[in-house]
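Data block below; observations after.
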Amino acid sequence: MLAALKNLPRTVWLIGLISLVNDSASEMVYPLIPLYLSSVLMAGPRALGIIEGIAEATASLLKLFSGIVVDRTRRAKPWILFGYGLAAFGRPLMILVTSWYGLLLLRFADRVGKGLRSSPRDALLANSVTAERRGLAFGVHRAMDNAGAVIGPLLAAALLGAGMPIKDIFLWTLVPALFCVIFALMIQEPGVEKPLKLKKFDSRLKNMSPVFKRYLIVVALFTLGNSSNMFLLLRARELGVAQAEVPLLWAAVSLVAMLFSAPLSALSDRYGRLHLLLAAYLAYALFYFSMGSLRSHGVMLYALFGFYGLFLAASEGVEKALVADLAAEGLQGAAFGWFNMVTGIMLLPASIFFGYLYQTISPFVAFAFSGSCAALAALLLWRWVDLPSAKMIG
């Protein structure tokens with residue numbers, strides 16, 4: 001494993017470093033948004049669902065656009081630079097927000113930045129290594145991304161513990177934002193190939209394989225039950241977790257994901273992507289059913305959040321490595337665009353519907369719905385997505 005890590009190209013490590021710095025800023029404020037909504041802006045779960053759903057779903061259209069453009073131009077760096085820059089410098093503006101509508105606008109800007117950078121970044125990662133090392137490369141990227149998600153909440157918890165107002169914490173995200181842009185400028189793309197001449201865009205994914213299309217349907221079903229993680233933090237707060245401990249709880253999730261992302265994703269290089277992804281979907285279903293059943297915070301709540309970190313480690317890098325495996329020749333950017341768009345769009349009904357069930361019926365019903373979607377997605381992944389075709393041959 002250590003030898004394999006040393007042999008990864010500079011581009012993989014640099015992209016990982018950018019994600020680490022960006023997420024340290026993003027995750028400083030991410031766990032605080034539900035608290036800010038409820039304690040400062042006086043909004044509830046339905047507003048949270050609308051904010052997260054609209055921001056993710058609308059910006060997801062840009063993920064397909066940027067993926068197609070990077071296939072045509074063979075240039076990923078400009079999109080990565082602009083996408084990270086837009087998100088990074090938008091976060092400090094949250095100090096000016098006086099209503100949840102303003103927060104919606106800034107979250108939308110943040111997700112637009114993600115939409116512009118995600119597919120080009122993923123395509124650049126996939127093209128930086130051989131097929132036999134894609135799982136490891138995406139796992140390392142997710143590990144470094146999650147390292148930032150550990151640092152950010154720890155900083156937020158320390159600042160909250162020191163008595164700093166939530167608004168001031170938003171302002172401090174400007175510091176890592178500057179470093180993020182500097183590192184993005186250091187990216188060196190591979191030799192620019194001749195731009196790809198593609199046929200007219202086909203909304204039916206005509207150029208993609210049947211197994212890739214079935215995989216997208218399974219991912220869409222799973223994402224329907226994969227609402228914003230902010231609801232997990234809201235649930236923890238309602239179960240009795242202290243406000244200052246909420247960022248620490250999310251940091252623990254990210255720490256588990258950071259430690260296990262690279263080794264678990266690397267297992268998919270050896271044993272196949274679908275085996276690991278199937279286990280991850282089932283773990284998600286179990287986690288959500290359990291979260292809905294809790295009545296108070298305690299050891300079980302903390303254990304469940306650690307378990308959720310294992311799910312993230314076993315799924316995030318593997319999902320993207322599988323996209324690269326199933327992408328048609330020369331269309332990896334578009335493949336990641338479709339994947340990112342589908343997952344983003346499905347977050348709109350997922351977050352809005354989850355928020356509606358949570359507030360109008362009960363948290364248990366909302367969590368049970370998400371768990372059921374994950375269980376059904378696991379069944380379809382097992383029986384419908386062709387395993388021999390989808391497995392990576394090492």
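Letters A, B, ... go to the chains of the structure tokens in the order shown; residues in each chain start at 1; ligands are counted from 1 in the same order.
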Item to complete: For Asp122 of chain A, please output as an NGL selection string all residues within 12 Å (counting only C-alpha atoms; exclusion window: fewer than 6 positions along the same chain).
Response: :A and (11-12 or 15-16 or 19 or 63 or 66-67 or 70-71 or 76-77 or 79-80 or 114-116 or 128-129 or 134 or 137-139 or 141-142 or 316-317 or 319-324 or 332-337 or 339-340)
Within 7 Å of segment 262-265 of chain A, which residues of segment 131-236 of chain A come that close, and what is the closest atom pair and distance in Å for each? Count only C-alpha atoms and give it as CSV.
```
residue,atom,partner,partner_atom,distance
A:Gly135,CA,A:Ser265,CA,5.0
A:Leu136,CA,A:Ser265,CA,5.7
A:Gly139,CA,A:Ala262,CA,4.0
A:Val140,CA,A:Ala262,CA,4.9
A:Ala143,CA,A:Ala262,CA,6.2
```
So that I have them on file, write out the residues from the current selection with N, CA, C and O atoms, as a PDB file, in the first residue's frame.
```pdb
ATOM      1  N   GLY A 135      -9.227   3.148  -8.088  1.00  0.00           N
ATOM      2  CA  GLY A 135      -9.820   3.081  -6.762  1.00  0.00           C
ATOM      3  C   GLY A 135      -8.946   3.744  -5.723  1.00  0.00           C
ATOM      4  O   GLY A 135      -9.426   4.522  -4.887  1.00  0.00           O
ATOM      5  N   LEU A 136      -7.647   3.468  -5.771  1.00  0.00           N
ATOM      6  CA  LEU A 136      -6.707   4.071  -4.829  1.00  0.00           C
ATOM      7  C   LEU A 136      -6.645   5.576  -5.012  1.00  0.00           C
ATOM      8  O   LEU A 136      -6.646   6.336  -4.029  1.00  0.00           O
ATOM      9  N   GLY A 139      -9.736   7.103  -3.733  1.00  0.00           N
ATOM     10  CA  GLY A 139      -9.753   6.917  -2.290  1.00  0.00           C
ATOM     11  C   GLY A 139      -8.848   7.902  -1.577  1.00  0.00           C
ATOM     12  O   GLY A 139      -9.208   8.450  -0.530  1.00  0.00           O
ATOM     13  N   VAL A 140      -7.653   8.148  -2.132  1.00  0.00           N
ATOM     14  CA  VAL A 140      -6.737   9.132  -1.550  1.00  0.00           C
ATOM     15  C   VAL A 140      -7.357  10.528  -1.597  1.00  0.00           C
ATOM     16  O   VAL A 140      -7.282  11.293  -0.629  1.00  0.00           O
ATOM     17  N   ALA A 143      -9.913  10.700   1.024  1.00  0.00           N
ATOM     18  CA  ALA A 143      -9.282  10.730   2.351  1.00  0.00           C
ATOM     19  C   ALA A 143      -8.811  12.150   2.685  1.00  0.00           C
ATOM     20  O   ALA A 143      -9.016  12.641   3.805  1.00  0.00           O
TER      21      ALA A 143
END
```
Worksheet item: From the set A:His297, A:Arg91, A:Arg270, A:Arg107, which residue has the shortest atom-to-atom contact distance to Asp168 of chain A, counting only C-alpha atoms?
Response: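 The closest residue to Asp168 of chain A is A:Arg91.
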Worksheet item: For Pro247 of chain A, which residue out of A:Gly355, A:Gly102, A:Pro349, A:Pro153 is the nearest one, using only C-alpha atoms?
Response: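 Of A:Gly355, A:Gly102, A:Pro349, A:Pro153, the one nearest Pro247 of chain A, counting only C-alpha atoms, is A:Pro153.
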Worksheet entry | Nearest-residue call for Met186 of chain A, choices A:Ala251, A:Val299, A:Ile18, A:Ala156, using only C-alpha atoms | A:Ile18
Fill in: Which of A:Ala184, A:Leu216, A:Ala350, A:Val150 sits closest to Ala252 of chain A [using only C-alpha atoms]
A:Val150
Worksheet item: Looking at only C-alpha atoms, which of A:Leu154, A:Arg72, A:Ser118, A:Met300 is the one that sits closest to Ala25 of chain A?
Response: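 With only C-alpha atoms as the atom set, the closest residue is A:Leu154.
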Worksheet item: Taking only C-alpha atoms into account, which of A:Ser119, A:Ser370, A:Thr173, A:Ser296 comes nearest Ala236 of chain A?
Response: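 Checking each candidate against Ala236 of chain A, we get A:Ser296 as the closest.
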Worksheet item: Near segment 220-224 of chain A, counting only C-alpha atoms, which residues have an atom at most 6 Å away, once you skip same-chain residues fewer than 4 positions from it, shown as a PyMOL selection string?
Response: chain A and resi 343+346+350+373-374+377
Item to complete: Could you please determine the separation between atom CA of Ile151 of chain A and atom CA of Ser24 of chain A in Å, to one decimal place?
Response: 5.5 Å
Discussion item. Between atom CA of Asn146 of chain A and atom CA of Leu277 of chain A, what distance in Å does the model show, to one decimal?
Written reply: 18.6 Å
